[in-house]
$ cat model33.txt   # compact mmCIF, C-alpha atoms
# COMPACT_ATOMS: atom_id res chain seq x y z
CA MET A 21 -68.80 -23.41 -55.46
CA PRO A 22 -71.32 -22.21 -58.11
CA ILE A 23 -72.60 -25.70 -58.87
CA ALA A 24 -73.43 -26.23 -55.20
CA THR A 25 -75.34 -22.93 -55.10
CA ASP A 26 -77.31 -23.81 -58.23
CA LEU A 27 -78.13 -27.28 -56.90
CA LEU A 28 -79.20 -25.87 -53.54
CA THR A 29 -81.46 -23.25 -55.14
CA ALA A 30 -83.05 -25.77 -57.50
CA ASN A 31 -83.71 -28.16 -54.64
CA LEU A 32 -85.21 -25.54 -52.33
CA LEU A 33 -87.60 -24.40 -55.07
CA SER A 34 -88.76 -27.91 -56.04
CA PRO A 35 -92.44 -28.78 -55.39
CA VAL A 36 -91.44 -31.61 -53.02
CA VAL A 37 -89.43 -29.34 -50.72
CA LEU A 38 -91.96 -26.51 -50.96
CA ALA A 39 -94.74 -28.91 -49.92
CA PHE A 40 -92.64 -29.89 -46.89
CA VAL A 41 -92.12 -26.22 -46.01
CA LEU A 42 -95.86 -25.55 -46.35
CA GLY A 43 -96.53 -28.32 -43.85
CA MET A 44 -94.05 -26.84 -41.37
CA VAL A 45 -95.55 -23.36 -41.79
CA ALA A 46 -99.08 -24.68 -41.34
CA ARG A 47 -98.16 -26.44 -38.09
CA SER A 48 -96.20 -23.39 -36.85
CA LEU A 49 -99.27 -21.19 -37.46
CA ARG A 50 -101.42 -23.75 -35.61
CA SER A 51 -103.59 -24.24 -38.68
CA ASP A 52 -106.35 -26.85 -38.54
CA LEU A 53 -104.83 -28.50 -41.64
CA GLU A 54 -104.45 -32.20 -40.95
CA VAL A 55 -103.81 -35.34 -42.98
CA PRO A 56 -105.98 -38.16 -41.57
CA PRO A 57 -103.98 -41.11 -40.14
CA ALA A 58 -105.51 -43.53 -42.66
CA ILE A 59 -104.33 -41.31 -45.53
CA GLN A 60 -100.83 -41.10 -43.99
CA VAL A 61 -100.61 -44.91 -43.96
CA TYR A 62 -101.95 -45.14 -47.51
CA LEU A 63 -99.40 -42.65 -48.85
CA SER A 64 -96.47 -44.50 -47.25
CA ILE A 65 -97.74 -47.83 -48.62
CA PHE A 66 -98.12 -46.32 -52.09
CA LEU A 67 -94.63 -44.81 -52.18
CA LEU A 68 -92.79 -47.85 -50.83
CA LEU A 69 -94.61 -50.27 -53.12
CA ALA A 70 -94.02 -48.00 -56.13
CA ILE A 71 -90.26 -47.65 -55.65
CA GLY A 72 -89.95 -51.40 -55.06
CA MET A 73 -91.77 -52.24 -58.30
CA LYS A 74 -90.04 -49.62 -60.44
CA GLY A 75 -86.62 -50.55 -59.10
CA ALA A 76 -87.12 -54.27 -59.71
CA VAL A 77 -88.32 -53.76 -63.28
CA ALA A 78 -85.27 -51.66 -64.10
CA LEU A 79 -82.92 -54.01 -62.21
CA ARG A 80 -84.28 -57.00 -64.14
CA GLN A 81 -83.27 -55.30 -67.37
CA ASP A 82 -79.89 -54.04 -66.21
CA ALA A 83 -78.46 -55.86 -63.18
CA PRO A 84 -74.82 -54.97 -62.41
CA ASP A 85 -72.19 -57.70 -62.58
CA ASN A 86 -70.90 -56.81 -59.10
CA LEU A 87 -74.32 -56.91 -57.38
CA ALA A 88 -73.11 -59.25 -54.62
CA LEU A 89 -70.16 -56.95 -53.88
CA MET A 90 -72.43 -53.90 -53.80
CA LEU A 91 -74.78 -55.59 -51.34
CA ALA A 92 -71.88 -56.65 -49.10
CA VAL A 93 -70.36 -53.15 -49.09
CA THR A 94 -73.77 -51.63 -48.32
CA VAL A 95 -74.32 -53.95 -45.35
CA LEU A 96 -70.86 -53.09 -43.98
CA THR A 97 -71.58 -49.39 -44.50
CA GLY A 98 -74.80 -49.69 -42.50
CA ILE A 99 -72.96 -51.44 -39.68
CA ALA A 100 -70.27 -48.75 -39.67
CA THR A 101 -72.75 -45.85 -39.61
CA ALA A 102 -74.65 -47.48 -36.74
CA ALA A 103 -71.40 -47.94 -34.79
CA VAL A 104 -70.34 -44.33 -35.37
CA ALA A 105 -73.79 -43.06 -34.34
CA TYR A 106 -73.60 -45.14 -31.16
CA TRP A 107 -70.14 -43.81 -30.30
CA LEU A 108 -71.16 -40.19 -30.90
CA ALA A 109 -74.34 -40.62 -28.86
CA ARG A 110 -72.25 -41.96 -25.99
CA THR A 111 -69.51 -39.33 -26.17
CA TRP A 112 -71.16 -36.19 -27.57
CA LEU A 113 -74.75 -36.59 -26.36
CA ARG A 114 -73.64 -38.42 -23.19
CA ASP A 115 -76.46 -40.95 -23.56
CA ASP A 116 -76.47 -44.30 -21.79
CA ALA A 117 -76.02 -47.50 -23.79
CA LEU A 118 -79.77 -48.06 -24.17
CA GLN A 119 -80.51 -44.62 -25.64
CA ALA A 120 -77.33 -44.58 -27.72
CA GLY A 121 -78.25 -47.95 -29.23
CA ALA A 122 -81.73 -46.68 -30.06
CA LEU A 123 -80.23 -43.68 -31.88
CA ALA A 124 -77.75 -45.96 -33.65
CA ALA A 125 -80.64 -48.06 -34.99
CA HIS A 126 -82.25 -44.93 -36.45
CA TYR A 127 -79.06 -43.42 -37.92
CA GLY A 128 -77.58 -46.67 -39.19
CA SER A 129 -80.83 -47.40 -41.01
CA VAL A 130 -82.23 -45.43 -43.94
CA SER A 131 -85.16 -43.15 -44.72
CA ALA A 132 -87.03 -44.38 -47.79
CA VAL A 133 -88.62 -40.95 -48.26
CA THR A 134 -85.22 -39.23 -48.25
CA PHE A 135 -84.13 -41.84 -50.80
CA ILE A 136 -87.08 -40.85 -53.01
CA ALA A 137 -86.25 -37.16 -52.59
CA ALA A 138 -82.66 -37.82 -53.72
CA GLN A 139 -83.89 -39.75 -56.77
CA GLN A 140 -86.22 -36.91 -57.67
CA PHE A 141 -83.36 -34.43 -57.25
CA THR A 142 -81.08 -36.30 -59.65
CA GLU A 143 -83.89 -36.60 -62.20
CA ARG A 144 -84.52 -32.84 -62.04
CA SER A 145 -80.79 -32.37 -62.64
CA GLY A 146 -81.02 -34.44 -65.83
CA MET A 147 -79.28 -37.51 -64.38
CA THR A 148 -80.51 -41.06 -63.89
CA SER A 149 -79.49 -43.17 -60.92
CA GLU A 150 -78.97 -46.92 -61.14
CA PRO A 151 -81.94 -49.24 -60.37
CA VAL A 152 -79.74 -51.37 -58.09
CA LEU A 153 -80.12 -48.66 -55.45
CA VAL A 154 -83.52 -50.05 -54.46
CA ALA A 155 -81.88 -53.36 -53.53
CA LEU A 156 -79.16 -51.46 -51.67
CA LEU A 157 -81.87 -49.54 -49.80
CA VAL A 158 -83.15 -52.80 -48.29
CA ALA A 159 -79.62 -54.04 -47.58
CA LEU A 160 -78.79 -50.82 -45.72
CA GLU A 161 -81.91 -50.76 -43.57
CA ILE A 162 -82.25 -54.18 -41.97
CA PRO A 163 -78.77 -55.02 -40.54
CA ALA A 164 -78.27 -51.53 -39.07
CA ILE A 165 -81.46 -51.74 -36.99
CA LEU A 166 -80.37 -55.09 -35.60
CA ILE A 167 -76.88 -53.73 -34.81
CA GLY A 168 -78.41 -50.77 -32.94
CA ILE A 169 -80.60 -53.09 -30.88
CA GLY A 170 -77.61 -55.31 -30.14
CA LEU A 171 -75.48 -52.35 -28.99
CA ALA A 172 -78.28 -51.14 -26.76
CA ARG A 173 -78.36 -54.56 -25.12
CA GLY A 174 -74.64 -54.46 -24.36
CA GLY A 175 -73.41 -56.07 -27.55
CA GLY A 176 -75.66 -59.12 -27.32
CA LYS A 177 -76.96 -60.79 -30.44
CA PRO A 178 -80.52 -59.86 -31.48
CA SER A 179 -83.00 -62.70 -30.99
CA TRP A 180 -84.79 -64.42 -33.87
CA HIS A 181 -87.97 -62.67 -32.76
CA GLN A 182 -86.28 -59.28 -33.22
CA VAL A 183 -84.87 -60.29 -36.61
CA ARG A 184 -88.29 -61.46 -37.73
CA GLU A 185 -89.82 -58.21 -36.46
CA VAL A 186 -87.51 -56.15 -38.67
CA LEU A 187 -87.95 -58.39 -41.71
CA THR A 188 -91.74 -58.34 -41.45
CA GLY A 189 -92.02 -54.61 -40.74
CA ARG A 190 -94.05 -52.47 -43.14
CA THR A 191 -91.06 -50.91 -44.89
CA ALA A 192 -89.22 -54.19 -45.53
CA ILE A 193 -92.37 -56.05 -46.60
CA LEU A 194 -93.46 -53.35 -49.06
CA LEU A 195 -90.02 -52.80 -50.57
CA LEU A 196 -89.26 -56.51 -50.89
CA GLY A 197 -92.81 -57.27 -51.97
CA GLY A 198 -92.78 -54.48 -54.54
CA MET A 199 -89.48 -55.75 -55.90
CA ALA A 200 -90.89 -59.27 -56.13
CA ILE A 201 -93.96 -58.02 -58.00
CA GLY A 202 -91.84 -55.98 -60.39
CA ALA A 203 -89.39 -58.82 -61.00
CA ILE A 204 -92.13 -61.38 -61.66
CA ALA A 205 -94.49 -59.19 -63.68
CA GLY A 206 -91.74 -57.49 -65.65
CA LYS A 207 -92.03 -54.27 -67.63
CA GLN A 208 -95.03 -55.44 -69.65
CA GLY A 209 -96.98 -56.52 -66.58
CA VAL A 210 -96.27 -53.38 -64.56
CA GLN A 211 -97.49 -51.20 -67.45
CA ALA A 212 -101.02 -52.25 -66.49
CA VAL A 213 -100.71 -50.18 -63.29
CA ASP A 214 -98.48 -47.49 -64.79
CA ALA A 215 -101.17 -44.80 -64.49
CA MET A 216 -101.42 -45.46 -60.74
CA TYR A 217 -97.84 -46.03 -59.61
CA VAL A 218 -95.86 -43.94 -62.10
CA GLN A 219 -97.96 -41.05 -63.33
CA LEU A 220 -99.43 -40.25 -59.90
CA PHE A 221 -96.13 -40.72 -58.04
CA GLN A 222 -95.13 -37.04 -57.93
CA GLY A 223 -98.52 -35.88 -56.65
CA MET A 224 -98.63 -38.55 -53.94
CA LEU A 225 -95.10 -37.64 -52.89
CA MET A 226 -96.11 -33.97 -52.50
CA LEU A 227 -99.02 -34.93 -50.24
CA PHE A 228 -96.73 -37.14 -48.17
CA MET A 229 -94.17 -34.36 -47.84
CA LEU A 230 -96.88 -31.91 -46.77
CA ASP A 231 -97.75 -34.28 -43.94
CA MET A 232 -94.06 -34.82 -43.10
CA GLY A 233 -93.61 -31.05 -42.79
CA MET A 234 -96.38 -30.87 -40.20
CA VAL A 235 -95.01 -33.85 -38.27
CA ALA A 236 -91.45 -32.45 -38.35
CA ALA A 237 -92.60 -29.07 -37.02
CA GLY A 238 -94.40 -30.84 -34.21
CA GLN A 239 -91.30 -32.87 -33.35
CA LEU A 240 -89.12 -29.76 -33.17
CA ARG A 241 -91.32 -28.36 -30.41
CA GLN A 242 -90.33 -31.32 -28.24
CA LEU A 243 -86.64 -30.41 -28.18
CA GLN A 244 -85.71 -30.00 -24.54
CA ARG A 245 -82.80 -31.87 -22.95
CA GLY A 246 -79.51 -31.16 -24.71
CA ALA A 247 -81.27 -29.49 -27.66
CA LEU A 248 -78.15 -27.84 -29.08
CA ARG A 249 -76.09 -31.02 -28.85
CA LEU A 250 -78.88 -32.99 -30.53
CA VAL A 251 -79.07 -30.45 -33.38
CA VAL A 252 -75.30 -30.72 -33.94
CA PHE A 253 -75.55 -34.52 -33.82
CA GLY A 254 -78.48 -34.54 -36.27
CA THR A 255 -76.69 -32.37 -38.85
CA ALA A 256 -72.96 -33.11 -38.50
CA LEU A 257 -73.35 -36.90 -38.48
CA PRO A 258 -75.41 -37.09 -41.69
CA LEU A 259 -73.08 -34.61 -43.40
CA LEU A 260 -70.07 -36.79 -42.54
CA ASN A 261 -71.88 -39.98 -43.54
CA GLY A 262 -73.05 -38.41 -46.79
CA LEU A 263 -69.60 -37.29 -47.89
CA VAL A 264 -68.13 -40.71 -47.11
CA GLY A 265 -71.13 -42.35 -48.78
CA ALA A 266 -70.53 -40.42 -52.01
CA TRP A 267 -66.96 -41.74 -52.11
CA ILE A 268 -68.11 -45.32 -51.41
CA GLY A 269 -70.78 -45.06 -54.09
CA LEU A 270 -68.28 -44.00 -56.75
CA ALA A 271 -65.82 -46.67 -55.58
CA MET A 272 -68.54 -49.33 -56.06
CA GLY A 273 -68.94 -48.25 -59.66
CA LEU A 274 -72.02 -46.07 -59.39
CA GLY A 275 -72.30 -42.96 -61.56
CA THR A 276 -72.51 -39.44 -60.15
CA ALA A 277 -76.31 -39.65 -59.81
CA GLY A 278 -76.12 -43.08 -58.16
CA ALA A 279 -73.38 -41.93 -55.79
CA THR A 280 -75.53 -38.92 -54.84
CA VAL A 281 -78.50 -41.14 -53.99
CA PHE A 282 -76.29 -43.65 -52.14
CA ALA A 283 -74.70 -40.81 -50.16
CA THR A 284 -78.16 -39.58 -49.21
CA MET A 285 -79.18 -43.07 -48.13
CA VAL A 286 -76.14 -43.34 -45.86
CA ALA A 287 -76.76 -39.82 -44.51
CA SER A 288 -80.43 -40.36 -43.76
CA ALA A 289 -82.07 -41.60 -40.58
CA SER A 290 -85.08 -43.89 -40.39
CA TYR A 291 -88.29 -42.58 -38.84
CA ILE A 292 -90.66 -45.33 -40.04
CA ALA A 293 -89.02 -48.76 -39.74
CA ALA A 294 -86.55 -48.06 -36.91
CA PRO A 295 -89.02 -46.46 -34.46
CA ALA A 296 -91.37 -49.46 -34.72
CA SER A 297 -88.53 -51.92 -34.07
CA VAL A 298 -87.01 -49.86 -31.26
CA ARG A 299 -90.33 -49.45 -29.46
CA ALA A 300 -90.89 -53.21 -29.52
CA SER A 301 -87.33 -54.32 -28.69
CA LEU A 302 -86.14 -51.45 -26.46
CA PRO A 303 -89.20 -50.26 -24.52
CA GLY A 304 -87.03 -48.36 -22.04
CA ALA A 305 -85.51 -46.09 -24.69
CA ASP A 306 -86.86 -42.62 -25.42
CA ALA A 307 -88.25 -43.31 -28.89
CA GLY A 308 -89.68 -39.79 -29.16
CA ARG A 309 -86.21 -38.25 -28.87
CA CYS A 310 -84.94 -40.52 -31.65
CA VAL A 311 -87.80 -39.54 -33.96
CA THR A 312 -87.28 -35.87 -33.13
CA ALA A 313 -83.65 -36.13 -34.18
CA ALA A 314 -84.34 -38.21 -37.31
CA LEU A 315 -87.46 -36.46 -38.57
CA GLY A 316 -87.30 -33.02 -36.94
CA ILE A 317 -83.59 -32.33 -37.57
CA THR A 318 -81.89 -34.73 -40.01
CA PHE A 319 -84.71 -35.06 -42.53
CA PRO A 320 -85.15 -31.28 -43.15
CA PHE A 321 -81.36 -30.84 -43.21
CA ASN A 322 -80.92 -33.49 -45.88
CA LEU A 323 -83.90 -32.28 -47.86
CA ALA A 324 -82.78 -28.65 -48.03
CA ILE A 325 -78.98 -28.74 -47.75
CA GLY A 326 -77.63 -32.29 -47.60
CA ILE A 327 -78.74 -33.67 -50.97
CA PRO A 328 -77.32 -30.76 -53.04
CA THR A 329 -74.10 -30.96 -51.02
CA TYR A 330 -73.68 -34.69 -51.63
CA ALA A 331 -74.41 -34.15 -55.33
CA ALA A 332 -71.78 -31.43 -55.63
CA PHE A 333 -69.23 -33.53 -53.73
CA ALA A 334 -69.93 -36.61 -55.86
CA ALA A 335 -69.53 -34.52 -59.04
CA TRP A 336 -66.25 -33.11 -57.70
CA LEU A 337 -64.92 -36.57 -56.86
CA ALA A 338 -65.94 -37.92 -60.27
CA ALA A 339 -64.27 -34.99 -62.03
CA ARG A 340 -61.04 -35.57 -60.08
CA ALA A 341 -61.09 -39.26 -60.87
CA GLY A 342 -61.56 -38.52 -64.56
CA ALA A 343 -58.87 -35.86 -64.69
$ encode --input "model33.txt" --output "structure tokens"
Amino acid sequence: MPIATDLLTANLLSPVVLAFVLGMVARSLRSDLEVPPAIQVYLSIFLLLAIGMKGAVALRQDAPDNLALMLAVTVLTGIATAAVAYWLARTWLRDDALQAGALAAHYGSVSAVTFIAAQQFTERSGMTSEPVLVALLVALEIPAILIGIGLARGGGKPSWHQVREVLTGRTAILLLGGMAIGAIAGKQGVQAVDAMYVQLFQGMLMLFMLDMGMVAAGQLRQLQRGALRLVVFGTALPLLNGLVGAWIGLAMGLGTAGATVFATMVASASYIAAPASVRASLPGADAGRCVTAALGITFPFNLAIGIPTYAAFAAWLAARAGA
């Protein structure tokens, strides 16, 4: 499909992806290049707060009539992806319930950075995705982590402490807080910090992706037990979720760009919020293996191949529906 080839080429040559590749190359060459931990935290805070604010400002101006339905469908989608990830971890990876639940929490949840990469991809393609996707991002993340923890515990309900832990985690607080700031301040108010959170966004994202490339390369070195099966799991599952996610996105009323971003959200795996929750709630699980799969395998796959594929599939579905 020519459009898929063009999309793939454009994505691979984008500054964001190239910065990620540079990070992987630097780590592979054992370079002394390093992003200090304090800078890593700052970059993640910056990006999450920025997308929360920008999304809320746009959503305040153009909220969809079926917002409640979209949120409900997104929550159900997160539950379904967590359940499928758990089943595949049990059957394909042959993990026990504890480890399978930990993986389900990661793969049912969402990667905010992959979400940003998908948004940037649609913008480079000349399309604009709907602002409601920021709200859907939060709706997709929180329930799936709790479902994964529940499955790991044999289907038991997560405790209030675990629910609170997820809700007060860095990702949820910054996204929800950023949305609150954007909704209260409005477009006029947010313009006061436009130079910081809008104009510098691309440069900050490149620095973050450089660091992610180095971290991902380091995670790949840790692949040991069942490496081939884990690679298949970390690529086939997101591809399946992404294709289904594109269909769900269009069915909810999103445009081609919005369906592409939603598909990417469903296809992604959390490596920020989920690991923190899993470490606290499931101390016996191998959190490193989960992060290796999410960040070392699924994240690069989505960044290089997945996003263009979901975009091409969403465009194909939209064209068929309009024919």
$ closest_residue --input "model33.txt" --among "A:Ala332, A:Met272, A:Leu123, A:Ala293" --to "Tyr106 (chain A)" --atoms "all atoms listed in the file"
A:Leu123
$ atom_distance --input "model33.txt" --atom1 "CA of Leu118 (chain A)" --atom2 "CA of Ala294 (chain A)"
14.4 Å
$ residues_near_point --input "model33.txt" --point "(-68.1, -38.8, -60.5)" --cutoff "9 Å" --atoms "all atoms listed in the file" --output "JSON, numbers by chain"
{"A": [266, 267, 270, 274, 275, 276, 277, 279, 333, 334, 335, 336, 337, 338, 339, 340, 341, 342]}
$ atom_distance --input "model33.txt" --atom1 "CA of Thr134 (chain A)" --atom2 "CA of Met285 (chain A)"
7.2 Å
$ closest_atom_pairs --input "model33.txt" --of "region 250-337 of chain A" --to "region 30-50 of chain A" --cutoff "9 Å" --atoms "only C-alpha atoms" --output "tab-separated table"
residue	atom	partner	partner_atom	distance
A:Pro320	CA	A:Phe40	CA	8.5
A:Leu323	CA	A:Val37	CA	6.9
A:Ala324	CA	A:Leu32	CA	5.8
A:Ile325	CA	A:Leu32	CA	8.4
A:Ile327	CA	A:Asn31	CA	8.3
A:Pro328	CA	A:Asn31	CA	7.1
$ write_last_selection --input "model33.txt" --atoms "C-alpha atoms" --output "short mmCIF file (atom, residue, chain, number, x, y, z; two decimals), in the coordinates of the input"
data_model
loop_
_atom_site.label_atom_id
_atom_site.label_comp_id
_atom_site.auth_asym_id
_atom_site.auth_seq_id
_atom_site.Cartn_x
_atom_site.Cartn_y
_atom_site.Cartn_z
CA PRO A 320 -85.15 -31.28 -43.15
CA LEU A 323 -83.90 -32.28 -47.86
CA ALA A 324 -82.78 -28.65 -48.03
CA ILE A 325 -78.98 -28.74 -47.75
CA ILE A 327 -78.74 -33.67 -50.97
CA PRO A 328 -77.32 -30.76 -53.04
#
$ atom_distance --input "model33.txt" --atom1 "CA of Tyr62 (chain A)" --atom2 "CA of Gln81 (chain A)"
29.1 Å
$ residues_near_point --input "model33.txt" --point "(-96.2, -44.8, -53.5)" --cutoff "6 Å" --atoms "all atoms listed in the file" --output "compact mmCIF listing (two decimals) with C-alpha atoms, in the coordinates of the input"
# COMPACT_ATOMS: atom_id res chain seq x y z
CA ILE A 65 -97.74 -47.83 -48.62
CA PHE A 66 -98.12 -46.32 -52.09
CA LEU A 67 -94.63 -44.81 -52.18
CA LEU A 68 -92.79 -47.85 -50.83
CA LEU A 69 -94.61 -50.27 -53.12
CA ALA A 70 -94.02 -48.00 -56.13
$ closest_residue --input "model33.txt" --among "A:Leu250, A:Ala102, A:Ile165, A:Leu89" --to "Glu185 (chain A)" --atoms "only C-alpha atoms"
A:Ile165
$ residues_around --input "model33.txt" --residues "Asp85 (chain A)" --least-positions-apart "4" --cutoff "12 Å" --atoms "all atoms listed in the file" --output "JSON, numbers by chain"
{"A": [79, 89, 90, 91, 152, 272, 273]}
$ closest_residue --input "model33.txt" --among "A:Glu150, A:His126, A:Thr101, A:Leu27" --to "Ile169 (chain A)" --atoms "all atoms listed in the file"
A:His126
$ closest_residue --input "model33.txt" --among "A:Leu260, A:Leu113, A:Val95, A:Ile167" --to "Val298 (chain A)" --atoms "only C-alpha atoms"
A:Ile167
